[in-house]
Amino acid sequence: MIPFAIAQQTVREALRRRVMWIFLVSGVFLIAMGPVFGFLSPKDSQTVLRSLGLAAILLAGLFITIVTCIYLLPVEIERRTIYTVLSKPVQRYQFILGKFMGGFAVVFINIVAMGIVFLAMLWLQEKRLPPEMFIGVVMTFFQMLLLAALTIFFSTFATPVVNFFLSFGIFLVGNMSSVTDSLTSNNNPLVSNAGKVIHYLLPNFGNFNIQNSIIHPTIEIKNPNVFLFQNMIYAIVYSLVLLTLAVLIFDRREV
C-alpha cells in the first residue's frame, strides 16, 4: 500500500537525524541513572526510580515526537520532492497518512526502547515488573500518538518554528487540565467561557499523566482498566479528527 511505502521512507529518513538520537540517549541515560539517585535516599529509592523513569520517557518522547513530526511535510515541500510524489498515483490523504505513520513509527521505536530499559532497571532493583509501570509506559505511548497527530495537523499550514511552539504550548496547557477545569466555574462569564473552550477543545494531555497515582499507591484510580481504555479511545478518536482536518487543509493547499 502507498501509505506504508511512504511510512517506510519516512522512518529511514528520520532515523538519520542526530538530534533524535541525542534525545533517545539522554532519556536512556536518565533512566539508567535512576538507581544511583535512589541510593542517595534509600528510603525512597523505589519512588525515585519510578518517577524519574516515567518522567524521562515522557520528556524524551515529547521532544522526539515534536522534532520528528514538525519537519515531515515542510522538508518535502522545501526540497520539492513532494511534486515528484504527488505526480504519481498518490492521493494527498495517502501522503498525510503515510507521513503520520512513519513519524509515529519512529516515536514508537524510541518509546519501546526507553520502556525496555526502564522495566529492566525496575527488575534489577525490585526483582519484579510492576504492571502499573507498564501501564504508565502505555499511557505515554498514546499521549505521544495524540501529540504526533497534533503536530502533523499544524505542519499543514505552519512553519516548523511556529509548529514547535504551538505543539509544545498546547501540550503544556493540555497537561494543566485541573487549572482549565477550574476556570469553567469562574464567576466572570468571560473567563468561564474561555475556560470551557480551552478545557473542552484542546486535547487533554493531563489525563494520560497517571504517574502520581502510580508512584503513590494511596492515590488510586477507581477502575484502572476503564480509565486506560477511555484514554486510549480518546487518543485514537482525537488523532483521527486531527488527521482528517490535516487532510482537508492539505488538500486545499497549493504546493
# chains A, B, ... in the order shown; residues from 1 in each chain; ligands from 1
>>> residues_around(residues="Phe29 of chain A", least_positions_apart="4", cutoff="10 Å", atoms="only C-alpha atoms", output="NGL selection string")
:A and (23-25 or 33-34 or 53 or 56 or 114 or 117)
>>> write_last_selection(atoms="C-alpha atoms", output="CSV table (one decimal), in the first residue's frame")
chain,number,residue,atom,x,y,z
A,23,PHE,CA,17.1,12.8,22.9
A,24,LEU,CA,16.9,9.0,23.0
A,25,VAL,CA,20.4,8.6,24.5
A,33,MET,CA,20.8,6.8,36.5
A,34,GLY,CA,17.6,6.1,38.5
A,53,GLY,CA,12.0,6.7,34.7
A,56,ALA,CA,12.5,10.6,31.3
A,114,MET,CA,13.2,3.5,26.7
A,117,VAL,CA,15.4,0.0,29.7
>>> closest_residue(among="A:Val19, A:Ile116, A:Ala148, A:Met121", to="Phe104 of chain A", atoms="only C-alpha atoms")
A:Ala148
>>> atom_distance(atom1="atom CA of Asp251 of chain A", atom2="atom CA of Gly103 of chain A")
19.8 Å
>>> residues_around(residues="Gln91 of chain A", least_positions_apart="4", cutoff="12 Å", atoms="only C-alpha atoms", output="list in words")
Met1, Ile2, Pro3, Ile6, Ile82, Tyr83, Val85, Leu86, Ser87, Phe95, Ile96, Leu97, Gly98, Val247, Phe250 and Asp251 of chain A
>>> write_last_selection(atoms="C-alpha atoms", output="PDB file, in the first residue's frame")
ATOM      1  CA  MET A   1       0.000   0.000   0.000  1.00  0.00           C
ATOM      2  CA  ILE A   2       1.119   3.547  -0.773  1.00  0.00           C
ATOM      3  CA  PRO A   3       0.895   4.917   2.822  1.00  0.00           C
ATOM      4  CA  ILE A   6       5.750   6.465   2.355  1.00  0.00           C
ATOM      5  CA  ILE A  82       6.520  16.444  -2.917  1.00  0.00           C
ATOM      6  CA  TYR A  83       5.891  17.352  -6.563  1.00  0.00           C
ATOM      7  CA  VAL A  85       5.449  12.104  -5.149  1.00  0.00           C
ATOM      8  CA  LEU A  86       2.118  13.743  -5.966  1.00  0.00           C
ATOM      9  CA  SER A  87       2.755  13.456  -9.709  1.00  0.00           C
ATOM     10  CA  PHE A  95       0.660  11.170   1.678  1.00  0.00           C
ATOM     11  CA  ILE A  96      -0.509  12.640   5.002  1.00  0.00           C
ATOM     12  CA  LEU A  97      -1.366   9.212   6.390  1.00  0.00           C
ATOM     13  CA  GLY A  98       1.978   7.779   5.299  1.00  0.00           C
ATOM     14  CA  VAL A 247      -6.056  16.139   5.060  1.00  0.00           C
ATOM     15  CA  PHE A 250      -3.554  19.997   2.816  1.00  0.00           C
ATOM     16  CA  ASP A 251      -5.973  19.030   0.043  1.00  0.00           C
TER      17      ASP A 251
END
>>> residues_around(residues="Val161 of chain A", least_positions_apart="5", cutoff="12 Å", atoms="only C-alpha atoms", output="ChimeraX atom specification")
/A:66-67,69-71,74,151,154-155,166-168
>>> select_by_dssp(residues="segment 14-238 of chain A", states="helix (DSSP H, G or I)", output="ChimeraX atom specification")
/A:14,18-32,34-40,42-69,72-79,81-86,92-126,131-155,160-174,177-183,189-201,205-208,211-215,224-238
>>> residues_around(residues="Ala246 of chain A", least_positions_apart="2", cutoff="8 Å", atoms="only C-alpha atoms", output="list in words")
Ile96, Ile152, Phe153, Phe154, Thr156, Leu242, Leu243, Thr244, Leu248, Ile249 and Phe250 of chain A
>>> write_last_selection(atoms="N, CA and C atoms", output="PDB file, in the first residue's frame")
ATOM      1  N   ILE A  96      -0.407  12.229   3.592  1.00  0.00           N
ATOM      2  CA  ILE A  96      -0.509  12.640   5.002  1.00  0.00           C
ATOM      3  C   ILE A  96      -0.501  11.429   5.915  1.00  0.00           C
ATOM      4  N   ILE A 152       1.356  17.009  13.169  1.00  0.00           N
ATOM      5  CA  ILE A 152       1.114  16.834  11.736  1.00  0.00           C
ATOM      6  C   ILE A 152       0.045  17.822  11.266  1.00  0.00           C
ATOM      7  N   PHE A 153      -0.985  18.012  12.073  1.00  0.00           N
ATOM      8  CA  PHE A 153      -2.050  18.962  11.733  1.00  0.00           C
ATOM      9  C   PHE A 153      -1.494  20.373  11.551  1.00  0.00           C
ATOM     10  N   PHE A 154      -0.677  20.826  12.494  1.00  0.00           N
ATOM     11  CA  PHE A 154      -0.094  22.171  12.398  1.00  0.00           C
ATOM     12  C   PHE A 154       0.880  22.281  11.229  1.00  0.00           C
ATOM     13  N   THR A 156       0.587  21.335   8.326  1.00  0.00           N
ATOM     14  CA  THR A 156      -0.073  21.563   7.037  1.00  0.00           C
ATOM     15  C   THR A 156      -0.215  23.046   6.713  1.00  0.00           C
ATOM     16  N   LEU A 242      -7.932  15.082  14.101  1.00  0.00           N
ATOM     17  CA  LEU A 242      -6.838  15.970  13.702  1.00  0.00           C
ATOM     18  C   LEU A 242      -6.283  15.594  12.323  1.00  0.00           C
ATOM     19  N   LEU A 243      -6.142  14.309  12.065  1.00  0.00           N
ATOM     20  CA  LEU A 243      -5.631  13.861  10.767  1.00  0.00           C
ATOM     21  C   LEU A 243      -6.626  14.168   9.653  1.00  0.00           C
ATOM     22  N   THR A 244      -7.915  14.054   9.957  1.00  0.00           N
ATOM     23  CA  THR A 244      -8.939  14.410   8.969  1.00  0.00           C
ATOM     24  C   THR A 244      -8.865  15.890   8.630  1.00  0.00           C
ATOM     25  N   LEU A 248      -7.932  17.700   4.994  1.00  0.00           N
ATOM     26  CA  LEU A 248      -8.789  18.707   4.375  1.00  0.00           C
ATOM     27  C   LEU A 248      -8.008  19.986   4.074  1.00  0.00           C
ATOM     28  N   ILE A 249      -7.152  20.408   5.008  1.00  0.00           N
ATOM     29  CA  ILE A 249      -6.358  21.620   4.802  1.00  0.00           C
ATOM     30  C   ILE A 249      -5.316  21.399   3.711  1.00  0.00           C
ATOM     31  N   PHE A 250      -4.617  20.279   3.777  1.00  0.00           N
ATOM     32  CA  PHE A 250      -3.554  19.997   2.816  1.00  0.00           C
ATOM     33  C   PHE A 250      -4.115  19.786   1.406  1.00  0.00           C
TER      34      PHE A 250
END
>>> closest_residue(among="A:Asn225, A:Asn204, A:Ser26, A:Gln143", to="Thr65 of chain A", atoms="only C-alpha atoms")
A:Gln143
>>> residues_around(residues="Ala120 of chain A", least_positions_apart="2", cutoff="12 Å", atoms="only C-alpha atoms", output="CSV table (one decimal) with N, CA and C atoms, in the first residue's frame")
chain,number,residue,atom,x,y,z
A,28,VAL,N,17.5,7.5,27.9
A,28,VAL,CA,18.0,6.2,28.4
A,28,VAL,C,19.0,6.5,29.5
A,31,ILE,N,17.2,7.3,32.7
A,31,ILE,CA,16.5,6.1,33.3
A,31,ILE,C,17.6,5.2,34.0
A,32,ALA,N,18.7,5.1,33.3
A,32,ALA,CA,19.8,4.2,33.9
A,32,ALA,C,20.4,4.8,35.2
A,34,GLY,N,18.6,6.2,37.4
A,34,GLY,CA,17.6,6.1,38.5
A,34,GLY,C,18.1,5.4,39.8
A,35,PRO,N,18.7,4.2,39.6
A,35,PRO,CA,19.2,3.6,40.8
A,35,PRO,C,20.3,4.4,41.6
A,49,LEU,N,13.2,5.9,41.4
A,49,LEU,CA,13.4,5.2,40.1
A,49,LEU,C,12.2,5.2,39.3
A,50,ARG,N,11.0,5.0,39.9
A,50,ARG,CA,9.8,5.0,39.1
A,50,ARG,C,9.5,6.4,38.5
A,53,GLY,N,12.1,7.5,35.9
A,53,GLY,CA,12.0,6.7,34.7
A,53,GLY,C,10.8,7.1,33.8
A,113,ALA,N,12.1,1.4,23.2
A,113,ALA,CA,13.5,1.2,23.6
A,113,ALA,C,13.6,1.7,25.1
A,114,MET,N,13.1,2.9,25.3
A,114,MET,CA,13.2,3.5,26.7
A,114,MET,C,12.4,2.7,27.7
A,115,GLY,N,11.2,2.2,27.2
A,115,GLY,CA,10.4,1.4,28.1
A,115,GLY,C,11.1,0.1,28.5
A,116,ILE,N,11.8,-0.5,27.6
A,116,ILE,CA,12.5,-1.8,27.9
A,116,ILE,C,13.6,-1.5,28.9
A,117,VAL,N,14.4,-0.4,28.7
A,117,VAL,CA,15.4,0.0,29.7
A,117,VAL,C,14.8,0.2,31.1
A,118,PHE,N,13.7,1.0,31.1
A,118,PHE,CA,13.1,1.3,32.3
A,118,PHE,C,12.6,0.1,33.1
A,122,LEU,N,13.8,-1.5,36.7
A,122,LEU,CA,12.9,-1.9,37.8
A,122,LEU,C,13.1,-3.4,38.2
A,123,TRP,N,13.4,-4.2,37.2
A,123,TRP,CA,13.6,-5.6,37.5
A,123,TRP,C,14.9,-5.8,38.4
A,124,LEU,N,15.9,-5.1,38.0
A,124,LEU,CA,17.2,-5.2,38.7
A,124,LEU,C,17.0,-4.7,40.2
A,125,GLN,N,16.2,-3.7,40.4
A,125,GLN,CA,16.1,-3.1,41.7
A,125,GLN,C,15.0,-3.8,42.6
A,126,GLU,N,13.9,-4.1,41.9
A,126,GLU,CA,12.7,-4.7,42.7
A,126,GLU,C,12.5,-6.2,42.5
A,127,LYS,N,13.3,-6.8,41.6
A,127,LYS,CA,13.1,-8.2,41.2
A,127,LYS,C,11.7,-8.6,40.8
A,128,ARG,N,11.0,-7.6,40.2
A,128,ARG,CA,9.7,-7.9,39.7
A,128,ARG,C,9.4,-6.7,38.7
A,129,LEU,N,8.3,-7.0,37.9
A,129,LEU,CA,7.9,-6.0,36.9
A,129,LEU,C,6.5,-5.5,37.3
A,130,PRO,N,6.4,-4.4,38.0
A,130,PRO,CA,5.0,-3.9,38.4
A,130,PRO,C,4.2,-3.6,37.2
A,133,MET,N,3.6,0.0,36.2
A,133,MET,CA,4.6,0.7,35.5
A,133,MET,C,4.5,0.5,34.0
A,134,PHE,N,4.1,-0.7,33.6
A,134,PHE,CA,3.8,-1.0,32.2
A,134,PHE,C,2.7,-0.1,31.7
>>> residues_around(residues="Met232 of chain A", least_positions_apart="4", cutoff="9 Å", atoms="only C-alpha atoms", output="PDB file with N, CA and C atoms, in the first residue's frame")
ATOM      1  N   MET A 139       0.475   4.522  28.574  1.00  0.00           N
ATOM      2  CA  MET A 139      -0.213   5.816  28.563  1.00  0.00           C
ATOM      3  C   MET A 139       0.639   6.886  27.888  1.00  0.00           C
ATOM      4  N   PHE A 142       0.282   6.476  24.074  1.00  0.00           N
ATOM      5  CA  PHE A 142      -0.920   7.069  23.490  1.00  0.00           C
ATOM      6  C   PHE A 142      -0.913   8.595  23.598  1.00  0.00           C
ATOM      7  N   GLN A 143      -0.261   9.108  24.604  1.00  0.00           N
ATOM      8  CA  GLN A 143      -0.106  10.561  24.716  1.00  0.00           C
ATOM      9  C   GLN A 143       0.718  11.095  23.545  1.00  0.00           C
ATOM     10  N   PHE A 227     -10.345   3.320  32.971  1.00  0.00           N
ATOM     11  CA  PHE A 227      -9.620   4.578  32.791  1.00  0.00           C
ATOM     12  C   PHE A 227      -8.631   4.475  31.636  1.00  0.00           C
ATOM     13  N   LEU A 228      -7.904   3.365  31.570  1.00  0.00           N
ATOM     14  CA  LEU A 228      -6.940   3.152  30.497  1.00  0.00           C
ATOM     15  C   LEU A 228      -7.643   3.051  29.150  1.00  0.00           C
ATOM     16  N   ILE A 236      -7.118   7.944  20.233  1.00  0.00           N
ATOM     17  CA  ILE A 236      -7.325   7.466  18.867  1.00  0.00           C
ATOM     18  C   ILE A 236      -8.344   8.326  18.128  1.00  0.00           C
ATOM     19  N   VAL A 237      -9.480   8.601  18.777  1.00  0.00           N
ATOM     20  CA  VAL A 237     -10.540   9.387  18.139  1.00  0.00           C
ATOM     21  C   VAL A 237     -10.065  10.816  17.874  1.00  0.00           C
TER      22      VAL A 237
END
